[in-house]
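Participant: So here's start_6.csv (CSV, C-alpha atoms).
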```
chain,number,residue,atom,x,y,z
W,6,VAL,CA,52.9,27.7,-8.9
W,7,THR,CA,50.4,27.6,-11.7
W,8,ARG,CA,46.9,26.8,-10.4
W,9,LYS,CA,44.7,24.7,-12.7
W,10,PRO,CA,41.0,24.1,-11.8
W,11,ALA,CA,39.4,20.7,-12.4
W,12,ALA,CA,35.7,20.0,-12.8
W,13,THR,CA,35.6,16.9,-10.6
W,14,ILE,CA,37.6,15.0,-8.0
W,15,ASP,CA,38.1,12.2,-10.5
W,16,ASP,CA,39.7,14.7,-12.9
W,17,VAL,CA,42.2,15.8,-10.3
W,18,PHE,CA,43.3,12.2,-9.7
W,19,PHE,CA,43.5,11.7,-13.5
W,20,GLN,CA,45.7,14.7,-14.1
W,21,VAL,CA,48.1,13.7,-11.3
W,22,THR,CA,48.2,10.1,-12.5
W,23,HIS,CA,49.0,11.2,-16.1
W,24,ASN,CA,51.6,13.8,-15.1
W,25,GLU,CA,49.5,16.7,-16.3
W,26,VAL,CA,50.0,18.4,-12.9
W,27,ASN,CA,52.6,17.8,-10.2
W,28,VAL,CA,50.1,17.9,-7.3
W,29,GLY,CA,46.4,17.9,-6.7
W,30,VAL,CA,44.1,19.1,-3.9
W,31,VAL,CA,40.9,17.2,-3.1
W,32,PRO,CA,38.4,17.3,-0.2
W,33,VAL,CA,38.2,14.2,1.9
W,34,GLU,CA,36.1,15.0,5.0
W,35,ASN,CA,33.7,17.7,6.2
W,36,SER,CA,32.9,18.3,9.8
W,37,SER,CA,29.1,18.2,9.3
W,38,GLU,CA,28.6,15.9,6.3
W,39,GLY,CA,31.4,13.3,6.9
W,40,VAL,CA,33.7,11.7,4.3
W,41,ILE,CA,33.7,12.4,0.6
W,42,ASN,CA,33.2,9.0,-0.8
W,43,THR,CA,34.5,9.9,-4.3
W,44,THR,CA,37.9,10.8,-2.8
W,45,LEU,CA,38.2,7.5,-0.9
W,46,ASN,CA,37.2,5.6,-4.0
W,47,CYS,CA,39.8,7.4,-6.1
W,48,LEU,CA,42.5,6.7,-3.5
W,49,ALA,CA,41.6,3.0,-3.5
W,50,ASP,CA,41.5,2.8,-7.3
W,51,SER,CA,44.6,4.9,-8.1
W,52,GLU,CA,48.1,3.5,-8.3
W,53,ASN,CA,51.3,5.4,-7.6
W,54,ILE,CA,49.4,8.2,-5.9
W,55,ASN,CA,50.6,9.4,-2.5
W,56,ILE,CA,49.1,11.7,0.0
W,57,ILE,CA,51.8,14.3,0.6
W,58,GLY,CA,50.0,16.9,2.8
W,59,GLU,CA,46.7,18.0,4.3
W,60,ILE,CA,44.9,21.3,4.8
W,61,ASN,CA,42.0,22.1,7.0
W,62,LEU,CA,39.8,25.1,5.9
W,63,ASP,CA,36.8,26.9,7.3
W,64,ILE,CA,34.0,26.6,4.7
W,65,ASP,CA,31.5,29.4,4.3
W,66,HIS,CA,28.6,29.0,1.8
W,67,GLN,CA,26.9,32.0,0.0
W,68,LEU,CA,23.5,32.0,-1.5
W,69,ALA,CA,23.5,33.6,-4.9
W,70,SER,CA,21.8,33.8,-8.3
W,71,GLY,CA,22.3,35.1,-11.8
W,72,ASN,CA,19.4,37.5,-11.6
W,73,LYS,CA,17.7,39.1,-8.6
W,74,PHE,CA,14.3,37.7,-7.6
W,75,LYS,CA,12.3,36.8,-4.5
W,76,PHE,CA,12.9,33.5,-2.8
W,77,ASP,CA,9.3,32.3,-3.5
W,78,GLU,CA,10.0,32.8,-7.2
W,79,ALA,CA,13.0,30.4,-7.2
W,80,PHE,CA,12.6,27.3,-9.3
W,81,ALA,CA,15.5,25.3,-7.9
W,82,ILE,CA,18.8,25.5,-6.0
W,83,ALA,CA,22.0,24.2,-7.5
W,84,SER,CA,25.4,23.2,-6.0
W,85,HIS,CA,27.7,20.3,-5.2
W,86,PRO,CA,26.0,17.6,-3.1
W,87,GLN,CA,28.3,18.3,-0.2
W,88,ALA,CA,27.4,22.0,-0.2
W,89,LEU,CA,23.7,21.2,-0.4
W,90,GLY,CA,24.1,18.8,2.5
W,91,GLN,CA,26.0,21.3,4.6
W,92,CYS,CA,23.2,23.9,4.1
W,93,SER,CA,20.2,21.5,4.2
W,94,LYS,CA,18.7,22.8,7.4
W,95,TRP,CA,18.9,26.4,6.2
W,96,ILE,CA,17.3,25.4,2.8
W,97,GLU,CA,14.4,23.5,4.5
W,98,LYS,CA,13.7,26.4,6.9
W,99,ASN,CA,13.9,29.2,4.3
W,100,LEU,CA,13.1,27.5,1.0
W,101,GLY,CA,11.0,24.5,2.0
W,102,ASN,CA,11.0,21.6,-0.5
W,103,ILE,CA,12.6,23.5,-3.3
W,104,LYS,CA,14.1,21.3,-6.0
W,105,ARG,CA,17.8,20.6,-5.4
W,106,LEU,CA,20.1,20.3,-8.5
W,107,GLU,CA,23.3,18.4,-7.8
W,108,MET,CA,26.2,19.7,-9.8
W,109,PRO,CA,29.8,18.3,-10.2
W,110,SER,CA,31.1,21.4,-8.4
W,111,SER,CA,29.9,24.7,-7.0
W,112,ALA,CA,31.6,26.5,-10.0
W,113,VAL,CA,29.4,24.5,-12.4
W,114,ALA,CA,26.4,25.5,-10.2
W,115,ALA,CA,27.5,29.2,-10.5
W,116,LYS,CA,27.6,29.0,-14.3
W,117,TYR,CA,24.3,27.2,-14.4
W,118,ALA,CA,22.6,29.9,-12.2
W,119,LYS,CA,24.2,32.6,-14.4
W,120,GLY,CA,22.7,31.1,-17.5
W,121,ASN,CA,19.2,30.3,-16.2
W,122,LYS,CA,16.5,32.4,-14.7
W,123,ASN,CA,15.2,32.0,-11.2
W,124,ILE,CA,17.9,29.5,-10.2
W,125,LEU,CA,19.6,29.8,-6.8
W,126,CYS,CA,23.1,28.5,-6.2
W,127,ILE,CA,25.3,27.8,-3.2
W,128,VAL,CA,28.9,29.0,-3.9
W,129,ASN,CA,31.9,30.6,-2.2
W,130,SER,CA,32.6,34.3,-2.2
W,131,MET,CA,35.2,34.0,-5.0
W,132,ALA,CA,32.6,32.5,-7.4
W,133,VAL,CA,30.2,35.3,-6.6
W,134,ALA,CA,32.8,37.8,-7.8
W,135,LYS,CA,34.1,35.7,-10.7
W,136,TYR,CA,30.7,35.0,-12.3
W,137,LYS,CA,29.2,38.3,-11.4
W,138,LEU,CA,26.4,36.8,-9.4
W,139,LYS,CA,23.8,38.5,-7.2
W,140,LEU,CA,24.7,37.8,-3.5
W,141,LEU,CA,21.4,37.0,-1.8
W,142,LYS,CA,22.5,35.7,1.6
W,143,LYS,CA,25.9,35.3,3.4
W,144,ASN,CA,27.1,32.2,5.3
W,145,ILE,CA,24.1,29.9,5.1
W,146,GLN,CA,25.9,26.8,6.3
W,147,ASP,CA,24.1,25.0,9.1
W,148,PHE,CA,27.1,25.0,11.4
W,149,SER,CA,29.3,28.0,12.0
W,150,GLU,CA,32.3,25.8,12.7
W,151,ASN,CA,32.0,24.2,9.3
W,152,LYS,CA,35.4,22.8,8.2
W,153,THR,CA,36.7,20.6,5.4
W,154,ARG,CA,39.9,18.6,5.4
W,155,PHE,CA,41.7,18.5,2.0
W,156,LEU,CA,44.4,16.1,0.9
W,157,ILE,CA,47.3,17.1,-1.2
W,158,ILE,CA,48.2,14.3,-3.6
W,159,GLY,CA,51.2,13.6,-5.8
W,160,LYS,CA,53.6,10.9,-6.9
W,161,HIS,CA,56.6,11.8,-4.7
W,162,GLU,CA,57.2,10.9,-1.0
W,163,VAL,CA,57.7,13.3,1.9
W,164,ASN,CA,60.5,13.1,4.4
W,165,LYS,CA,60.0,13.0,8.2
W,166,THR,CA,59.2,16.3,9.9
W,167,GLY,CA,58.8,15.1,13.5
W,168,ARG,CA,55.1,15.7,13.4
W,169,ASP,CA,53.6,13.5,10.8
W,170,LYS,CA,50.6,11.4,9.9
W,171,THR,CA,50.3,8.3,7.8
W,172,SER,CA,47.3,7.0,5.9
W,173,PHE,CA,46.6,3.4,5.0
W,174,LEU,CA,44.0,1.2,3.3
W,175,ILE,CA,43.8,-2.1,5.2
W,176,GLN,CA,41.7,-4.9,3.6
W,177,THR,CA,40.6,-7.8,5.9
W,178,PRO,CA,38.4,-10.8,5.4
W,179,ASN,CA,34.8,-10.2,6.3
W,180,LYS,CA,34.6,-12.2,9.5
W,181,PRO,CA,34.2,-11.5,13.3
W,182,GLY,CA,37.2,-9.9,14.9
W,183,SER,CA,38.6,-8.3,11.8
W,184,LEU,CA,38.6,-4.8,13.2
W,185,LEU,CA,40.0,-5.9,16.5
W,186,SER,CA,42.9,-7.7,14.7
W,187,VAL,CA,43.7,-4.4,12.8
W,188,LEU,CA,43.6,-2.3,16.0
W,189,LYS,CA,45.6,-4.5,18.3
W,190,PRO,CA,49.1,-3.9,16.7
W,191,PHE,CA,48.6,-0.1,17.0
W,192,ASP,CA,47.4,-0.3,20.6
W,193,LYS,CA,50.3,-2.6,21.5
W,194,ARG,CA,52.8,0.1,20.4
W,195,LYS,CA,50.6,3.1,21.7
W,196,ILE,CA,50.2,4.5,18.2
W,197,ASN,CA,47.3,6.9,18.1
W,198,LEU,CA,44.7,6.3,15.3
W,199,SER,CA,43.1,9.6,14.4
W,200,LYS,CA,40.6,8.2,12.0
W,201,ILE,CA,39.1,4.9,10.9
W,202,GLU,CA,36.6,4.7,8.1
W,203,THR,CA,35.0,1.3,7.4
W,204,ARG,CA,33.3,0.2,4.3
W,205,PRO,CA,32.7,-3.0,2.2
W,206,SER,CA,35.5,-3.6,-0.3
W,207,ARG,CA,34.5,-2.6,-3.9
W,208,GLY,CA,37.0,-5.1,-5.3
W,209,ASN,CA,36.1,-8.1,-3.1
W,210,ILE,CA,32.6,-8.6,-1.6
W,211,ASN,CA,34.1,-10.9,1.0
W,212,SER,CA,36.4,-8.3,2.4
W,213,HIS,CA,36.1,-5.0,4.3
W,214,ASP,CA,38.2,-1.9,3.7
W,215,PHE,CA,39.5,0.2,6.6
W,216,PHE,CA,40.8,3.7,5.8
W,217,VAL,CA,43.1,4.5,8.6
W,218,ASP,CA,45.0,7.7,9.6
W,219,CYS,CA,47.5,7.5,12.4
W,220,GLU,CA,50.2,9.5,14.0
W,221,GLY,CA,53.8,9.0,12.9
W,222,HIS,CA,55.8,8.5,9.7
W,223,ILE,CA,56.1,5.2,7.8
W,224,LYS,CA,59.9,5.3,8.5
W,225,ASP,CA,59.3,5.2,12.2
W,226,GLN,CA,60.3,1.7,13.5
W,227,LYS,CA,57.3,1.2,15.8
W,228,LEU,CA,54.9,2.1,13.0
W,229,ARG,CA,56.6,-0.3,10.6
W,230,LEU,CA,56.5,-3.1,13.2
W,231,ALA,CA,52.8,-2.4,13.7
W,232,ILE,CA,52.0,-2.7,10.0
W,233,LYS,CA,54.0,-5.9,9.9
W,234,ASP,CA,51.9,-7.4,12.6
W,235,VAL,CA,48.7,-6.3,10.7
W,236,ILE,CA,50.0,-8.1,7.6
W,237,ASN,CA,50.8,-11.2,9.6
W,238,THR,CA,47.1,-11.4,10.5
W,239,GLY,CA,46.3,-12.0,6.8
W,240,ALA,CA,45.3,-8.5,6.0
W,241,ILE,CA,46.4,-6.6,2.9
W,242,VAL,CA,47.9,-3.2,3.7
W,243,ARG,CA,48.4,-0.4,1.2
W,244,ASN,CA,50.3,2.8,2.3
W,245,PHE,CA,48.8,6.0,0.9
W,246,GLY,CA,51.7,8.0,2.2
W,247,SER,CA,53.2,9.9,5.2
W,248,TYR,CA,52.9,13.7,5.4
W,249,PRO,CA,53.2,16.6,7.8
W,250,GLU,CA,50.2,17.0,10.1
W,251,TYR,CA,48.3,20.2,9.5
W,252,ILE,CA,48.6,22.5,12.5
```
Can you give me the file's structure in the form of structure tokens?
Facilitator:
Amino acid sequence: VTRKPAATIDDVFFQVTHNEVNVGVVPVENSSEGVINTTLNCLADSENINIIGEINLDIDHQLASGNKFKFDEAFAIASHPQALGQCSKWIEKNLGNIKRLEMPSSAVAAKYAKGNKNILCIVNSMAVAKYKLKLLKKNIQDFSENKTRFLIIGKHEVNKTGRDKTSFLIQTPNKPGSLLSVLKPFDKRKINLSKIETRPSRGNINSHDFFVDCEGHIKDQKLRLAIKDVINTGAIVRNFGSYPEYI
């Protein structure tokens, strides 16, 4: 497999959509900072993109710089907004109200710190070595059990494995009881919902979007019947794909 880095999450979706790559890997949720909104937006906006797998990774953040200096001489700290958020308590305790520079990725932050004096950056160990940065402090994340769930996206479908998950976007009218009407068909057939993320619909201000992860494969009869019942309530259901559950 040839690995190709992308500057942003949007770029990963663009390359998969336009067949520049076969599959893409994007973060979707962090254990301390929650969902990555850009990924959910890209899923909702992209056509012919399927989720074909998931990965859960331990995430460690390293504090580095392009040149060595004392913390009180630092002008700013740069990284991706998620990394800055996952290290916010450490930053406040050790660096106070230092200026925070949000970057498209931690790799961009590494390059920026390398080219500018007295700039700190939050990166992974690979970036420290690749960009020849000065490692100032290891593992500065606020929580030791810091994990991020990544989705593998592509255009093909994945067959049943016997231990699968399925992800949907369910759009309902913005009225009382909408969430209950979505949940009932799954509860009726004892289908476990592992995640529900609710947000206003970007395409229709009078609707709500529910991003749902559940156990099972779209080819399972009870899951197909549950989805049919949801559609019969007047909701719009879009299947993002069925894929093996990460163990």
Participant: To one decimal place, how far is CA of Ile201 (chain W) from CA of Leu62 (chain W) in Å?
Facilitator: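 Answer for the CA of Ile201 (chain W) to CA of Leu62 (chain W) separation: 20.8 Å.
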Participant: Which residues are near region 111-128 of chain W? Cut-off 12 Å, all atoms listed in the file, ignore same chain within fewer than 4 positions. Put them as a ChimeraX atom specification.
Facilitator: /W:10-13,64-93,95-96,100,103-107,132-146
Participant: Counting all atoms listed in the file, find residues at most 10 Å from (49.0, 25.6, -8.9) (file frame) and give them as a PDB file with C-alpha atoms, in the coordinates of the input.
Facilitator:
```
ATOM      1  CA  VAL W   6      52.900  27.700  -8.900  1.00  0.00           C
ATOM      2  CA  THR W   7      50.400  27.600 -11.700  1.00  0.00           C
ATOM      3  CA  ARG W   8      46.900  26.800 -10.400  1.00  0.00           C
ATOM      4  CA  LYS W   9      44.700  24.700 -12.700  1.00  0.00           C
ATOM      5  CA  PRO W  10      41.000  24.100 -11.800  1.00  0.00           C
ATOM      6  CA  VAL W  26      50.000  18.400 -12.900  1.00  0.00           C
ATOM      7  CA  ASN W  27      52.600  17.800 -10.200  1.00  0.00           C
ATOM      8  CA  VAL W  28      50.100  17.900  -7.300  1.00  0.00           C
ATOM      9  CA  GLY W  29      46.400  17.900  -6.700  1.00  0.00           C
ATOM     10  CA  VAL W  30      44.100  19.100  -3.900  1.00  0.00           C
TER      11      VAL W  30
END
```
Participant: Excluding region 43-51 of chain W and residues on its chain fewer than 3 positions from it, collect all residues at most 12 Å away from it, counting all atoms listed in the file, and give them as number ranges by chain.
Facilitator: W: 13-23, 29-34, 39-40, 54-56, 86-87, 109, 154-160, 172-176, 202-208, 214-217, 242-246
Participant: Keeping only C-alpha atoms, write those residues as a tab-separated table (two decimals), in the frame of the given file.
Facilitator:
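Output file selection_5.tsv follows:
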```tsv
chain	number	residue	atom	x	y	z
W	13	THR	CA	35.60	16.90	-10.60
W	14	ILE	CA	37.60	15.00	-8.00
W	15	ASP	CA	38.10	12.20	-10.50
W	16	ASP	CA	39.70	14.70	-12.90
W	17	VAL	CA	42.20	15.80	-10.30
W	18	PHE	CA	43.30	12.20	-9.70
W	19	PHE	CA	43.50	11.70	-13.50
W	20	GLN	CA	45.70	14.70	-14.10
W	21	VAL	CA	48.10	13.70	-11.30
W	22	THR	CA	48.20	10.10	-12.50
W	23	HIS	CA	49.00	11.20	-16.10
W	29	GLY	CA	46.40	17.90	-6.70
W	30	VAL	CA	44.10	19.10	-3.90
W	31	VAL	CA	40.90	17.20	-3.10
W	32	PRO	CA	38.40	17.30	-0.20
W	33	VAL	CA	38.20	14.20	1.90
W	34	GLU	CA	36.10	15.00	5.00
W	39	GLY	CA	31.40	13.30	6.90
W	40	VAL	CA	33.70	11.70	4.30
W	54	ILE	CA	49.40	8.20	-5.90
W	55	ASN	CA	50.60	9.40	-2.50
W	56	ILE	CA	49.10	11.70	0.00
W	86	PRO	CA	26.00	17.60	-3.10
W	87	GLN	CA	28.30	18.30	-0.20
W	109	PRO	CA	29.80	18.30	-10.20
W	154	ARG	CA	39.90	18.60	5.40
W	155	PHE	CA	41.70	18.50	2.00
W	156	LEU	CA	44.40	16.10	0.90
W	157	ILE	CA	47.30	17.10	-1.20
W	158	ILE	CA	48.20	14.30	-3.60
W	159	GLY	CA	51.20	13.60	-5.80
W	160	LYS	CA	53.60	10.90	-6.90
W	172	SER	CA	47.30	7.00	5.90
W	173	PHE	CA	46.60	3.40	5.00
W	174	LEU	CA	44.00	1.20	3.30
W	175	ILE	CA	43.80	-2.10	5.20
W	176	GLN	CA	41.70	-4.90	3.60
W	202	GLU	CA	36.60	4.70	8.10
W	203	THR	CA	35.00	1.30	7.40
W	204	ARG	CA	33.30	0.20	4.30
W	205	PRO	CA	32.70	-3.00	2.20
W	206	SER	CA	35.50	-3.60	-0.30
W	207	ARG	CA	34.50	-2.60	-3.90
W	208	GLY	CA	37.00	-5.10	-5.30
W	214	ASP	CA	38.20	-1.90	3.70
W	215	PHE	CA	39.50	0.20	6.60
W	216	PHE	CA	40.80	3.70	5.80
W	217	VAL	CA	43.10	4.50	8.60
W	242	VAL	CA	47.90	-3.20	3.70
W	243	ARG	CA	48.40	-0.40	1.20
W	244	ASN	CA	50.30	2.80	2.30
W	245	PHE	CA	48.80	6.00	0.90
W	246	GLY	CA	51.70	8.00	2.20
```
Participant: Go through W:Ile41, W:Ile223, W:Lys152, W:Glu25 and flag the residue nearest Asn61 (chain W), using all atoms listed in the file for the distances.
Facilitator: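 When distances to Asn61 (chain W) are compared using all atoms listed in the file, the smallest one comes from W:Lys152.
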Participant: Which value, in Å to one decimal, gives the distance between CA of Val235 (chain W) and CA of Lys193 (chain W)?
Facilitator: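 Computing the Euclidean distance for CA of Val235 (chain W) and CA of Lys193 (chain W) yields 11.5 Å.
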Participant: So which one's closest to Lys227 (chain W), W:Ala240, W:Ile196, W:Ser212, W:Ser247? Using all atoms listed in the file, please.
Facilitator: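 Using all atoms listed in the file, the shortest distance to Lys227 (chain W) belongs to W:Ile196.
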Participant: CA of Gly58 (chain W) and CA of His161 (chain W) are how many Å apart?
Facilitator: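 Answer for the CA of Gly58 (chain W) to CA of His161 (chain W) separation: 11.2 Å.
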Participant: Using all atoms listed in the file, find the one residue out of W:Val163, W:Ile210, W:Ala231, W:Ile236 that sits nearest to Asn179 (chain W).
Facilitator: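 Smallest distance to Asn179 (chain W) is found for W:Ile210.
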Participant: Any idea what's packed within 8 Å of Gly221 (chain W), counting all atoms listed in the file, ignoring anything in its chain fewer than 2 positions away? Could you give it as a VMD selection string?
Facilitator: chain W and resid 167 to 171 196 219 223 225 228 247
Participant: Do you know which residues are at most 10 Å from Gly239 (chain W) counting only C-alpha atoms, after dropping those on the same chain fewer than 5 positions away, and could you put them as a compact mmCIF listing (two decimals) with C-alpha atoms, in the coordinates of the input?
Facilitator:
```
# COMPACT_ATOMS: atom_id res chain seq x y z
CA GLN W 176 41.70 -4.90 3.60
CA THR W 177 40.60 -7.80 5.90
CA PRO W 178 38.40 -10.80 5.40
CA SER W 183 38.60 -8.30 11.80
CA SER W 186 42.90 -7.70 14.70
CA ASP W 234 51.90 -7.40 12.60
```
Participant: Which is closer to Ile232 (chain W) than all the others in W:Met108, W:Val187, W:Ile57, W:Met131, using only C-alpha atoms?
Facilitator: W:Val187
